Structures are given as structure tokens and as C-alpha cells.
$ cat target-v3.cif   # mmCIF, C-alpha atoms
data_my_file
loop_
_atom_site.label_atom_id
_atom_site.label_comp_id
_atom_site.auth_asym_id
_atom_site.auth_seq_id
_atom_site.Cartn_x
_atom_site.Cartn_y
_atom_site.Cartn_z
CA MET A 1 -122.67 -48.54 -7.69
CA ILE A 2 -122.18 -45.93 -10.43
CA GLU A 3 -124.68 -47.76 -12.63
CA ILE A 4 -127.23 -47.76 -9.79
CA SER A 5 -126.60 -44.05 -9.26
CA SER A 6 -127.14 -43.28 -12.96
CA ASN A 7 -130.34 -45.32 -13.05
CA LEU A 8 -131.73 -43.48 -10.02
CA LEU A 9 -131.00 -40.13 -11.67
CA TYR A 10 -132.77 -41.33 -14.82
CA VAL A 11 -135.79 -42.42 -12.75
CA ALA A 12 -135.88 -39.04 -11.04
CA PHE A 13 -135.74 -37.24 -14.39
CA VAL A 14 -138.63 -39.29 -15.80
CA LEU A 15 -140.72 -38.70 -12.67
CA TYR A 16 -140.04 -34.96 -12.86
CA LEU A 17 -141.19 -35.05 -16.49
CA PHE A 18 -144.48 -36.68 -15.47
CA ALA A 19 -144.86 -34.19 -12.62
CA THR A 20 -144.45 -31.34 -15.12
CA ILE A 21 -147.21 -32.84 -17.28
CA PHE A 22 -149.51 -33.18 -14.26
CA PHE A 23 -148.88 -29.60 -13.15
CA ALA A 24 -149.55 -28.38 -16.68
CA ALA A 25 -152.79 -30.38 -16.72
CA SER A 26 -153.79 -28.75 -13.42
CA ILE A 27 -153.79 -25.35 -15.14
CA ARG A 28 -156.36 -26.55 -17.67
CA ASP A 29 -158.54 -28.36 -15.14
CA LYS A 30 -161.73 -26.29 -15.21
CA HIS A 31 -163.75 -28.58 -12.95
CA SER A 32 -162.02 -27.83 -9.67
CA LYS A 33 -160.06 -25.10 -7.96
CA ALA A 34 -156.70 -24.49 -9.64
CA ASN A 35 -154.71 -24.94 -6.45
CA THR A 36 -156.38 -28.10 -5.19
CA ASN A 37 -157.35 -30.19 -8.24
CA LYS A 38 -156.41 -33.82 -8.61
CA TRP A 39 -153.74 -33.18 -11.25
CA GLY A 40 -151.90 -30.81 -8.96
CA LYS A 41 -152.00 -33.28 -6.08
CA LEU A 42 -150.72 -36.04 -8.34
CA GLY A 43 -147.99 -33.71 -9.56
CA ILE A 44 -146.63 -32.94 -6.08
CA LEU A 45 -146.77 -36.63 -5.12
CA VAL A 46 -144.72 -37.64 -8.19
CA THR A 47 -142.35 -34.74 -7.55
CA ILE A 48 -141.63 -35.98 -4.02
CA ILE A 49 -141.04 -39.54 -5.24
CA GLY A 50 -138.68 -38.21 -7.92
CA PHE A 51 -136.85 -36.13 -5.33
CA LEU A 52 -136.35 -39.21 -3.15
CA ALA A 53 -134.98 -41.08 -6.18
CA GLN A 54 -132.54 -38.24 -6.81
CA ILE A 55 -131.43 -38.30 -3.18
CA GLY A 56 -130.73 -42.00 -3.77
CA TYR A 57 -128.61 -41.01 -6.79
CA PHE A 58 -126.72 -38.48 -4.67
CA ILE A 59 -125.98 -40.94 -1.86
CA THR A 60 -124.92 -43.82 -4.13
CA ARG A 61 -122.64 -41.58 -6.20
CA TRP A 62 -121.12 -40.24 -2.96
CA ILE A 63 -120.41 -43.81 -1.83
CA ALA A 64 -118.92 -44.72 -5.21
CA SER A 65 -116.71 -41.63 -5.49
CA GLY A 66 -115.75 -41.29 -1.84
CA HIS A 67 -116.68 -37.59 -1.78
CA ALA A 68 -119.77 -35.42 -2.09
CA PRO A 69 -120.76 -35.34 -5.79
CA VAL A 70 -120.58 -31.56 -6.25
CA SER A 71 -117.03 -31.20 -7.60
CA ASN A 72 -117.54 -30.76 -11.37
CA LEU A 73 -120.12 -29.27 -13.71
CA PHE A 74 -122.14 -32.47 -14.06
CA GLU A 75 -122.30 -33.08 -10.32
CA TYR A 76 -122.87 -29.48 -9.26
CA THR A 77 -125.52 -28.74 -11.90
CA THR A 78 -127.35 -31.97 -11.07
CA PHE A 79 -127.26 -31.04 -7.39
CA PHE A 80 -128.55 -27.56 -8.24
CA GLY A 81 -131.49 -29.17 -10.07
CA MET A 82 -132.20 -31.34 -7.03
CA MET A 83 -132.13 -28.31 -4.73
CA LEU A 84 -134.48 -26.49 -7.09
CA VAL A 85 -136.99 -29.32 -6.73
CA PHE A 86 -136.48 -29.29 -2.95
CA ALA A 87 -137.08 -25.52 -2.84
CA PHE A 88 -140.28 -25.94 -4.85
CA ILE A 89 -141.54 -28.64 -2.46
CA ILE A 90 -140.98 -26.26 0.47
CA ILE A 91 -142.79 -23.39 -1.28
CA TYR A 92 -145.61 -25.70 -2.33
CA PHE A 93 -146.40 -26.74 1.23
CA MET A 94 -146.24 -23.09 2.31
CA TYR A 95 -148.75 -21.89 -0.31
CA LYS A 96 -150.35 -25.04 -1.80
CA ASN A 97 -149.96 -23.51 -5.27
CA THR A 98 -149.49 -25.97 -8.13
CA LEU A 99 -149.13 -23.29 -10.81
CA ILE A 100 -145.59 -22.59 -9.59
CA GLY A 101 -144.83 -26.26 -10.24
CA ALA A 102 -145.86 -25.92 -13.89
CA PHE A 103 -143.08 -23.35 -14.33
CA THR A 104 -140.50 -24.58 -11.80
CA MET A 105 -140.36 -28.26 -12.77
CA PRO A 106 -139.53 -27.57 -16.46
CA VAL A 107 -136.61 -25.42 -15.28
CA ALA A 108 -135.42 -28.25 -13.00
CA LEU A 109 -135.71 -30.69 -15.91
CA LEU A 110 -133.66 -28.43 -18.15
CA VAL A 111 -131.00 -27.96 -15.48
CA ILE A 112 -130.60 -31.72 -15.03
CA ALA A 113 -130.69 -32.36 -18.79
CA TYR A 114 -128.06 -29.65 -19.25
CA ALA A 115 -125.88 -31.31 -16.59
CA ALA A 116 -126.11 -34.64 -18.40
CA MET A 117 -124.29 -33.14 -21.39
CA PHE A 118 -121.03 -32.95 -19.39
CA SER A 119 -118.69 -35.78 -18.44
CA ARG A 120 -120.19 -38.08 -15.81
CA ASP A 121 -116.91 -39.79 -15.00
CA VAL A 122 -116.00 -40.13 -11.33
CA SER A 123 -112.55 -38.75 -10.62
CA PRO A 124 -110.59 -38.10 -7.40
CA LEU A 125 -110.71 -34.63 -5.93
CA ILE A 126 -107.90 -32.25 -6.77
CA PRO A 127 -106.02 -30.95 -3.69
CA ALA A 128 -107.89 -27.63 -3.67
CA LEU A 129 -111.19 -29.46 -3.16
CA GLN A 130 -110.08 -31.92 -0.48
CA SER A 131 -111.81 -30.15 2.38
CA HIS A 132 -115.02 -30.44 4.37
CA TRP A 133 -115.70 -26.87 3.21
CA LEU A 134 -116.51 -28.37 -0.21
CA TYR A 135 -119.70 -29.83 1.23
CA ILE A 136 -120.56 -26.80 3.33
CA HIS A 137 -119.88 -24.02 0.83
CA VAL A 138 -121.07 -25.61 -2.41
CA THR A 139 -124.24 -27.24 -1.09
CA THR A 140 -125.38 -24.15 0.81
CA ALA A 141 -124.70 -21.88 -2.17
CA ALA A 142 -126.64 -24.21 -4.47
CA LEU A 143 -129.59 -24.33 -2.07
CA GLY A 144 -129.65 -20.54 -1.84
CA GLU A 145 -129.60 -20.17 -5.62
CA ALA A 146 -132.33 -22.79 -5.97
CA ILE A 147 -134.67 -20.97 -3.57
CA LEU A 148 -133.97 -17.71 -5.41
CA ALA A 149 -134.87 -19.50 -8.66
CA ILE A 150 -138.42 -20.01 -7.39
CA SER A 151 -138.82 -16.23 -7.50
CA PHE A 152 -137.95 -16.43 -11.20
CA ALA A 153 -140.76 -18.93 -11.87
CA ALA A 154 -143.24 -16.74 -9.99
CA GLY A 155 -141.96 -13.59 -11.68
CA LEU A 156 -142.27 -15.18 -15.12
CA ILE A 157 -145.87 -16.17 -14.41
CA TYR A 158 -146.63 -12.61 -13.33
CA LEU A 159 -145.06 -11.07 -16.44
CA ILE A 160 -146.72 -13.44 -18.91
CA HIS A 161 -150.05 -12.54 -17.31
CA VAL A 162 -149.69 -8.74 -17.23
CA VAL A 163 -147.57 -7.81 -20.27
CA ASP A 164 -149.81 -6.59 -23.08
CA GLN A 165 -149.32 -8.94 -26.02
CA SER A 166 -151.61 -7.04 -28.40
CA ARG A 167 -148.73 -4.84 -29.57
CA SER A 168 -144.95 -5.02 -29.76
CA SER A 169 -143.01 -3.16 -27.07
CA LYS A 170 -139.81 -3.31 -25.04
CA ARG A 171 -141.69 -5.40 -22.47
CA THR A 172 -142.78 -8.01 -25.03
CA PHE A 173 -139.27 -8.08 -26.52
CA TRP A 174 -137.49 -8.74 -23.23
CA LEU A 175 -140.09 -11.27 -22.13
CA GLU A 176 -139.58 -13.16 -25.39
CA PHE A 177 -135.83 -12.91 -24.89
CA VAL A 178 -136.19 -14.61 -21.49
CA LEU A 179 -138.23 -17.40 -23.06
CA TYR A 180 -135.64 -17.71 -25.84
CA GLY A 181 -132.99 -18.27 -23.15
CA ILE A 182 -134.98 -21.21 -21.82
CA ILE A 183 -135.49 -22.57 -25.33
CA ALA A 184 -131.74 -22.25 -26.00
CA VAL A 185 -131.10 -24.77 -23.23
CA ILE A 186 -133.59 -27.15 -24.86
CA GLY A 187 -131.83 -26.65 -28.19
CA PHE A 188 -128.45 -27.35 -26.62
CA VAL A 189 -129.69 -30.58 -25.05
CA ILE A 190 -131.17 -31.74 -28.38
CA VAL A 191 -128.04 -30.91 -30.37
CA SER A 192 -125.66 -32.36 -27.79
CA SER A 193 -127.68 -35.56 -27.50
CA THR A 194 -127.78 -35.91 -31.28
CA PHE A 195 -124.02 -35.60 -31.76
CA LYS A 196 -123.39 -37.82 -28.75
CA ALA A 197 -125.60 -40.52 -30.29
CA MET A 198 -123.56 -40.18 -33.49
CA ASP A 199 -120.29 -40.56 -31.52
CA TYR A 200 -119.11 -37.39 -33.21
CA GLU A 201 -115.55 -36.29 -32.44
CA MET A 202 -113.10 -33.79 -33.91
CA THR A 203 -109.56 -33.50 -32.57
CA PHE A 204 -107.20 -30.53 -32.61
CA LYS A 205 -103.59 -30.14 -31.58
CA TRP A 206 -103.40 -27.01 -29.46
CA ILE A 207 -100.88 -25.06 -27.36
CA ASN A 208 -102.70 -24.40 -24.09
CA LYS A 209 -102.11 -21.60 -21.56
CA THR A 210 -99.24 -23.53 -19.93
CA LYS A 211 -97.47 -23.63 -23.34
CA GLN A 212 -97.92 -27.38 -23.64
CA GLU A 213 -99.12 -29.10 -26.79
CA VAL A 214 -102.28 -31.04 -26.02
CA GLU A 215 -105.08 -32.70 -27.96
CA LEU A 216 -108.49 -31.05 -27.69
CA VAL A 217 -111.46 -33.25 -28.57
CA TYR A 218 -114.70 -31.59 -29.67
CA GLU A 219 -117.97 -33.52 -29.33
CA MET A 220 -119.76 -31.07 -31.62
CA PRO A 221 -118.67 -29.56 -34.97
CA ALA A 222 -116.16 -26.78 -34.43
CA ILE A 223 -117.70 -23.38 -35.10
CA ALA A 224 -115.02 -21.81 -32.87
CA GLY A 225 -111.65 -23.55 -33.02
CA PRO A 226 -108.58 -23.15 -30.77
CA ILE A 227 -106.15 -20.34 -31.59
CA GLY A 228 -103.46 -21.77 -33.85
CA GLY A 229 -105.01 -25.21 -33.50
CA GLU A 230 -104.15 -27.92 -36.02
CA LYS A 231 -107.10 -30.09 -37.06
CA ILE A 232 -106.16 -33.77 -36.85
CA THR A 233 -109.46 -35.37 -37.87
CA GLU A 234 -111.62 -34.45 -40.85
CA GLY A 235 -114.89 -32.62 -40.41
CA PHE A 236 -116.71 -29.29 -40.47
CA GLY A 237 -114.97 -26.10 -39.36
CA PRO A 238 -113.71 -24.25 -37.63
CA VAL A 239 -115.44 -21.10 -38.92
CA PHE A 240 -113.33 -18.80 -36.73
CA GLU A 241 -110.92 -18.98 -33.80
CA THR A 242 -111.77 -18.56 -30.13
CA PRO A 243 -111.02 -15.03 -28.80
CA SER A 244 -107.51 -14.76 -27.38
CA TRP A 245 -108.69 -13.66 -23.93
CA MET A 246 -110.35 -17.04 -23.36
CA THR A 247 -107.31 -18.82 -21.97
CA GLY A 248 -108.85 -21.35 -19.59
CA GLU A 249 -108.41 -25.08 -19.84
CA ASN A 250 -110.64 -26.39 -22.66
CA ALA A 251 -111.83 -22.78 -23.25
CA PRO A 252 -112.19 -23.17 -27.06
CA LYS A 253 -114.28 -26.30 -26.64
CA LYS A 254 -116.46 -24.67 -23.99
CA PHE A 255 -116.92 -21.52 -26.09
CA ASN A 256 -117.94 -23.70 -29.02
CA THR A 257 -120.53 -25.36 -26.79
CA LEU A 258 -121.95 -21.94 -25.85
CA ILE A 259 -122.23 -20.93 -29.52
CA TRP A 260 -124.07 -24.15 -30.37
CA SER A 261 -126.49 -23.47 -27.47
CA LEU A 262 -127.34 -19.99 -28.74
CA PHE A 263 -127.56 -21.07 -32.39
CA SER A 264 -129.72 -24.15 -31.78
CA GLY A 265 -131.96 -22.10 -29.48
CA LEU A 266 -132.46 -19.53 -32.23
CA ILE A 267 -133.48 -22.23 -34.70
CA LEU A 268 -135.87 -23.86 -32.25
CA TYR A 269 -137.36 -20.53 -31.21
CA GLY A 270 -137.93 -19.59 -34.86
CA PHE A 271 -139.64 -22.92 -35.51
CA MET A 272 -141.94 -22.44 -32.51
CA ARG A 273 -142.85 -18.93 -33.64
CA LEU A 274 -143.76 -20.24 -37.10
CA LEU A 275 -145.82 -23.03 -35.56
CA LEU A 276 -147.67 -20.81 -33.08
CA ARG A 277 -147.88 -17.79 -35.41
CA LYS A 278 -147.56 -15.52 -32.39
CA ARG A 279 -145.14 -14.69 -29.61
CA ILE A 280 -144.59 -17.59 -27.21
CA ALA A 281 -145.68 -15.49 -24.23
CA ALA A 282 -148.86 -14.61 -26.12
CA ALA A 283 -149.56 -18.31 -26.66
CA ILE A 284 -149.13 -19.07 -22.94
CA GLN A 285 -151.02 -16.02 -21.64
CA PRO A 286 -154.60 -17.39 -22.09
CA LEU A 287 -153.74 -20.32 -19.80
CA LEU A 288 -152.99 -17.93 -16.94
CA LYS A 289 -156.22 -15.92 -16.91
CA SER A 290 -157.23 -17.10 -13.44
CA VAL A 291 -153.87 -16.39 -11.78
CA ASN A 292 -153.97 -14.70 -8.37
CA LEU A 293 -151.36 -12.02 -9.02
CA ASP A 294 -151.06 -10.97 -5.38
CA LEU A 295 -150.28 -14.55 -4.38
CA VAL A 296 -147.73 -14.99 -7.18
CA ASP A 297 -146.07 -11.70 -6.18
CA GLU A 298 -145.96 -12.85 -2.55
CA ILE A 299 -144.35 -16.18 -3.51
CA SER A 300 -141.70 -14.37 -5.55
CA TYR A 301 -140.87 -12.04 -2.66
CA ARG A 302 -140.92 -14.79 -0.03
CA SER A 303 -138.54 -16.91 -2.11
CA VAL A 304 -136.02 -14.08 -2.13
CA THR A 305 -136.36 -13.43 1.62
CA ILE A 306 -135.61 -17.11 2.28
CA GLY A 307 -133.02 -17.67 -0.44
CA PHE A 308 -131.00 -14.48 0.03
CA PRO A 309 -129.65 -15.23 3.54
CA VAL A 310 -128.95 -18.86 2.57
CA PHE A 311 -127.05 -17.70 -0.51
CA SER A 312 -125.19 -15.08 1.54
CA LEU A 313 -124.09 -17.74 3.98
CA GLY A 314 -123.00 -20.30 1.38
CA ALA A 315 -121.71 -18.25 -1.55
CA LEU A 316 -119.99 -15.48 0.42
CA ILE A 317 -119.31 -16.26 4.09
CA PHE A 318 -118.48 -19.98 3.77
CA ALA A 319 -116.71 -19.28 0.46
CA MET A 320 -114.44 -16.68 2.05
CA ILE A 321 -113.60 -18.97 4.95
CA TRP A 322 -112.66 -21.77 2.53
CA ALA A 323 -110.67 -19.32 0.39
CA GLN A 324 -108.65 -18.37 3.44
CA VAL A 325 -108.00 -22.03 4.23
CA ALA A 326 -107.17 -23.05 0.63
CA TRP A 327 -105.50 -19.95 -0.79
CA THR A 328 -104.57 -17.94 2.37
CA ARG A 329 -106.77 -15.00 1.42
CA PHE A 330 -110.46 -14.22 1.91
CA TRP A 331 -110.99 -12.52 -1.45
CA GLY A 332 -109.14 -12.58 -4.76
CA TRP A 333 -111.40 -11.14 -7.49
CA ASP A 334 -111.61 -14.50 -9.24
CA PRO A 335 -114.41 -14.39 -11.89
CA LYS A 336 -116.57 -16.80 -9.89
CA GLU A 337 -116.13 -14.70 -6.74
CA VAL A 338 -116.92 -11.50 -8.62
CA TRP A 339 -120.15 -12.89 -10.05
CA ALA A 340 -121.18 -14.32 -6.69
CA LEU A 341 -120.76 -10.79 -5.30
CA ILE A 342 -122.74 -9.32 -8.22
CA THR A 343 -125.52 -11.81 -7.53
CA TRP A 344 -125.53 -10.91 -3.84
CA LEU A 345 -125.57 -7.17 -4.54
CA PHE A 346 -128.42 -7.58 -7.02
CA TYR A 347 -130.69 -9.42 -4.59
CA ALA A 348 -129.76 -6.98 -1.82
CA ALA A 349 -130.93 -4.22 -4.19
CA PHE A 350 -134.07 -6.26 -4.92
CA LEU A 351 -134.99 -6.33 -1.24
CA HIS A 352 -134.12 -2.65 -0.77
CA LEU A 353 -136.28 -1.57 -3.71
CA ARG A 354 -139.11 -3.81 -2.58
CA LEU A 355 -139.14 -2.67 1.04
CA SER A 356 -138.06 0.97 0.73
CA LYS A 357 -139.27 2.04 -2.71
CA GLY A 358 -142.42 -0.05 -2.98
CA TRP A 359 -141.35 -2.01 -6.05
CA HIS A 360 -144.14 -4.58 -6.00
CA GLY A 361 -145.91 -6.36 -8.83
CA GLU A 362 -144.44 -6.06 -12.31
CA LYS A 363 -141.26 -4.19 -11.27
CA SER A 364 -140.52 -6.87 -8.69
CA ALA A 365 -141.22 -9.61 -11.26
CA TRP A 366 -138.72 -8.12 -13.71
CA LEU A 367 -136.10 -8.01 -10.96
CA ALA A 368 -136.75 -11.69 -10.13
CA VAL A 369 -136.24 -12.64 -13.78
CA VAL A 370 -133.03 -10.60 -14.11
CA GLY A 371 -131.70 -12.11 -10.87
CA PHE A 372 -132.13 -15.62 -12.22
CA ALA A 373 -130.43 -14.58 -15.47
CA ILE A 374 -127.41 -13.52 -13.39
CA ILE A 375 -127.42 -16.88 -11.57
CA MET A 376 -127.51 -18.77 -14.87
CA PHE A 377 -124.77 -16.58 -16.35
CA ASN A 378 -122.65 -17.49 -13.34
CA LEU A 379 -123.43 -21.18 -13.83
CA VAL A 380 -123.08 -21.37 -17.61
CA ALA A 381 -120.96 -18.55 -19.07
CA VAL A 382 -118.52 -18.12 -16.18
CA ASN A 383 -117.91 -21.86 -15.98
CA LEU A 384 -117.73 -22.46 -19.72
CA VAL A 385 -115.93 -19.38 -20.98
CA ILE A 386 -114.08 -17.37 -18.33
CA ALA A 387 -110.88 -18.80 -16.86
CA GLY A 388 -110.25 -18.63 -13.12
CA LEU A 389 -109.42 -20.54 -9.97
CA HIS A 390 -112.86 -22.17 -10.13
CA SER A 391 -112.28 -23.52 -13.65
CA TYR A 392 -111.86 -27.01 -12.23
CA ALA A 393 -115.64 -27.02 -11.89
CA GLY A 394 -115.81 -27.43 -15.66
#
$ encode --input "target-v3.cif" --output "C-alpha cells"
Amino acid sequence: MIEISSNLLYVAFVLYLFATIFFAASIRDKHSKANTNKWGKLGILVTIIGFLAQIGYFITRWIASGHAPVSNLFEYTTFFGMMLVFAFIIIYFMYKNTLIGAFTMPVALLVIAYAAMFSRDVSPLIPALQSHWLYIHVTTAALGEAILAISFAAGLIYLIHVVDQSRSSKRTFWLEFVLYGIIAVIGFVIVSSTFKAMDYEMTFKWINKTKQEVELVYEMPAIAGPIGGEKITEGFGPVFETPSWMTGENAPKKFNTLIWSLFSGLILYGFMRLLLRKRIAAAIQPLLKSVNLDLVDEISYRSVTIGFPVFSLGALIFAMIWAQVAWTRFWGWDPKEVWALITWLFYAAFLHLRLSKGWHGEKSAWLAVVGFAIIMFNLVAVNLVIAGLHSYAG
């Protein structure tokens, strides 16, 4: 059953890749309307088929594991990618806009590819997760974040279109920084896949936070090693030790993964700049000349108005109920809880500024991009680096 599940996820990934290509082709189709051309229609059809394949993955893995597959980083991140595709399908049938697909589907692909870098083993639930609130809280929170992510895709389109690329400015810098963040995920996937294909391993003896000596196995060369760790196997590094405040289980290994992501992204971004001989946003901008900015702005805003209440319900209300059941308190200032609150406050501010202060257009687009950066920080950095009660998700 696990093999069937893995194959269905692979099929979904390949179909999403083709859908991305079709949506990209729809932008360049000059012989028909951008929102109704044949490439766009083919793209949404393939997207739906891929989504059904991923639902098949989800169901078969649930059957094989005996619980909803949202309990670790691989399962949750894969589910988040599936919900992102689902959110796009909803938005597409509301607005019939294929351009959003050209920016949303690559993000979904990267999310799923990123998930595939973590352990795919099926393991029994720890006691803290043995509750029906696992399904209610985690799935609703992921759906809310996925709908909010659509606003990021729309906001990015808006910014690439309107930011003046003829001269360097703070706007061009931060837009390039956002694109670098996306490229860093691509770099991480490439590097991780390469070392995985090489069966690379480096083992350290390490005293963890419970004062027990354990073996820590790195799947990538150790740039950041464990504090006081003794290298058992030969190989590169470590260059320096992990900061002492990172005390979570496998924290050194996770921090090393984060460093590799940033470093590989920098190399890949530099290569793309040399190849294009211009900023990446400047290279994309000519493809978006015919964009209806009012429609893109509306999609960004509508995504937040739909996603915000769903996120509020899943990430805060359901989370607090489960916290009371599992830990006998509604709130505990755990890092994951804090960043969920920060995310909620940010999007509440987004709606306030939009409705009360008239922050439409470019200002709204920047907010949408920053909001998604907060979501991804919560998914990546908080899970990989910061220790807390939710560290089991890693």
C-alpha cells in the first residue's frame, strides 16, 4: 500500500509539472485571450487530474499508516502542497484566470519537492498526536495557509508588473530577494537529491538536550556540526558548531539543512543572473505586459478574505481546544503557537489596512508577499531550527 501511495504522489507531481508548463505556455499564447486559450484549459484539466491522484496518495497512505498522514514534516508539507493546488482550483473557477496558475503551480511543486527531502517512513503516532483533533486542527490550518498563499502568487504577479526595473531601488532589491527565496528551495531540492543519490552519510556522537549520548546522521556534508560532537565517519566539516540555543532534537542536522538551502540558492541565483544578464524580475516582466492589474489585485484580496477565517479557525481556535485537551492549557507561548499568532495578526492587519486605510494595489501586493514569507518561516525555520512542543513535526 505504501508503494502505491508513493507512486500516486509521483504521478501527481509529474502532472503538476505538466500543468505548470501549460500555464506558462498560456501566457505566451498570442492567438487567443489570455484567460481562455487552449493551453490554460489544458493546464487546469491536468491540474485536476493531478489533484485526484494526490487525493489517492493521501487515502492510501492513511490506510497504510492507520492515521491521517499529517503527523510529520513530509506528510504535513505534502498535504500543504495538495491544499495549495485545491485552493488554486477554487480560485480558478471563481475568476477563470490561468495566469495565477503559472505562478501558483510552481510553488506547489516546490512545496511537494521540499517535502520529499524528509523521511517518508510511516511510524505510529506519539501519544500527543493520538486525537481526532489532529485531523481537525492540522488540516484546517493547512487549508487556510494554502488559500492565503494564493494571495502571494497574485501579489508577486502584481509586483513584477509594476516595479520599475530600469533602475536599482529598494523595491527591485526586495522583489529579487523574494525570488531568491523561491530559488533557494530549488537549490535545496537539487543538493538534497544529489547527496541522497550518492548515499552520503556522516555520523557524529552527540550529547543531546536530555544529556544522552546519541548518534546523529547527516545526509549532507556538515557545515554546522553538533556542539561538542565527535565525528565518527570521515568527510568534510564541520566548519563551525551549531549555536547553543538550538537545543531541539536533531537541531544541528536541521540547522545544517537550512544553511545548505541558503547557500545552494545563492549559487543558483548567481548562475541565473549571469545567464540572463539582468534581474530575474526584469526577465519575467515582459511576459506580463497584458496583465489586468485590477483583477490580480482582486484575486489577492479575495484569497485573504477566504483564507483568513479558515486559518483563524484551524490554527488558533481548534489549536487552542486541542492544547487544552493534550496539555491542559489553551496557550503556552510555544514557538509554533507564537508564529501562528504572528501570522494571524499580520493578516488581520492586512485586512484592516486594506479596508480602512485604502491599501490597494502595490501596497497590498507587498503585504501579500510578506504574509507568505511569514507562513514559510513558520513551516521551514520554526520546524527545522527552533525547539518546542511541536518539534515532533520534524
$ resolve_selection --input "target-v3.cif" --expression "the PyMOL selection byres ((chain A and resi 44) around 9)" --output "list in words"
Ala19, Phe22, Phe23, Trp39, Gly40, Lys41, Leu42, Gly43, Leu45, Val46, Thr47, Ile48, Ile49, Ile89, Tyr92, Thr98 and Gly101 of chain A
$ closest_residue --input "target-v3.cif" --among "A:Val107, A:Met82, A:Val338, A:Ile259" --to "Leu316 (chain A)" --atoms "all atoms listed in the file"
A:Val338
$ atom_distance --input "target-v3.cif" --atom1 "CA of Ser264 (chain A)" --atom2 "CA of Lys205 (chain A)"
26.8 Å
$ residues_near_point --input "target-v3.cif" --point "(-118.3, -32.2, -40.1)" --cutoff "10 Å" --atoms "only C-alpha atoms" --output "PDB file with C-alpha atoms, keeping the file's coordinate frame"
ATOM      1  CA  TYR A 200    -119.110 -37.390 -33.210  1.00  0.00           C
ATOM      2  CA  GLU A 201    -115.550 -36.290 -32.440  1.00  0.00           C
ATOM      3  CA  MET A 202    -113.100 -33.790 -33.910  1.00  0.00           C
ATOM      4  CA  MET A 220    -119.760 -31.070 -31.620  1.00  0.00           C
ATOM      5  CA  PRO A 221    -118.670 -29.560 -34.970  1.00  0.00           C
ATOM      6  CA  ALA A 222    -116.160 -26.780 -34.430  1.00  0.00           C
ATOM      7  CA  THR A 233    -109.460 -35.370 -37.870  1.00  0.00           C
ATOM      8  CA  GLU A 234    -111.620 -34.450 -40.850  1.00  0.00           C
ATOM      9  CA  GLY A 235    -114.890 -32.620 -40.410  1.00  0.00           C
ATOM     10  CA  PHE A 236    -116.710 -29.290 -40.470  1.00  0.00           C
ATOM     11  CA  GLY A 237    -114.970 -26.100 -39.360  1.00  0.00           C
ATOM     12  CA  PRO A 238    -113.710 -24.250 -37.630  1.00  0.00           C
TER      13      PRO A 238
END
$ resolve_selection --input "target-v3.cif" --expression "the PyMOL selection byres ((chain A and resi 288) around 8)" --output "PyMOL selection string"
chain A and resi 27+157+160-161+284-287+289-291
$ write_last_selection --input "target-v3.cif" --atoms "C-alpha atoms" --output "short mmCIF file (atom, residue, chain, number, x, y, z; two decimals), keeping the file's coordinate frame"
data_model
loop_
_atom_site.label_atom_id
_atom_site.label_comp_id
_atom_site.auth_asym_id
_atom_site.auth_seq_id
_atom_site.Cartn_x
_atom_site.Cartn_y
_atom_site.Cartn_z
CA ILE A 27 -153.79 -25.35 -15.14
CA ILE A 157 -145.87 -16.17 -14.41
CA ILE A 160 -146.72 -13.44 -18.91
CA HIS A 161 -150.05 -12.54 -17.31
CA ILE A 284 -149.13 -19.07 -22.94
CA GLN A 285 -151.02 -16.02 -21.64
CA PRO A 286 -154.60 -17.39 -22.09
CA LEU A 287 -153.74 -20.32 -19.80
CA LYS A 289 -156.22 -15.92 -16.91
CA SER A 290 -157.23 -17.10 -13.44
CA VAL A 291 -153.87 -16.39 -11.78
#
$ closest_residue --input "target-v3.cif" --among "A:Ala251, A:Leu179, A:Val189, A:Leu313" --to "Arg273 (chain A)" --atoms "all atoms listed in the file"
A:Leu179
$ residues_around --input "target-v3.cif" --residues "Val11 (chain A)" --least-positions-apart "3" --cutoff "10 Å" --atoms "all atoms listed in the file" --output "PyMOL selection string"
chain A and resi 5-8+14-17+49-51+53-54+57
$ atom_distance --input "target-v3.cif" --atom1 "CA of Gly187 (chain A)" --atom2 "CA of Ile147 (chain A)"
25.4 Å
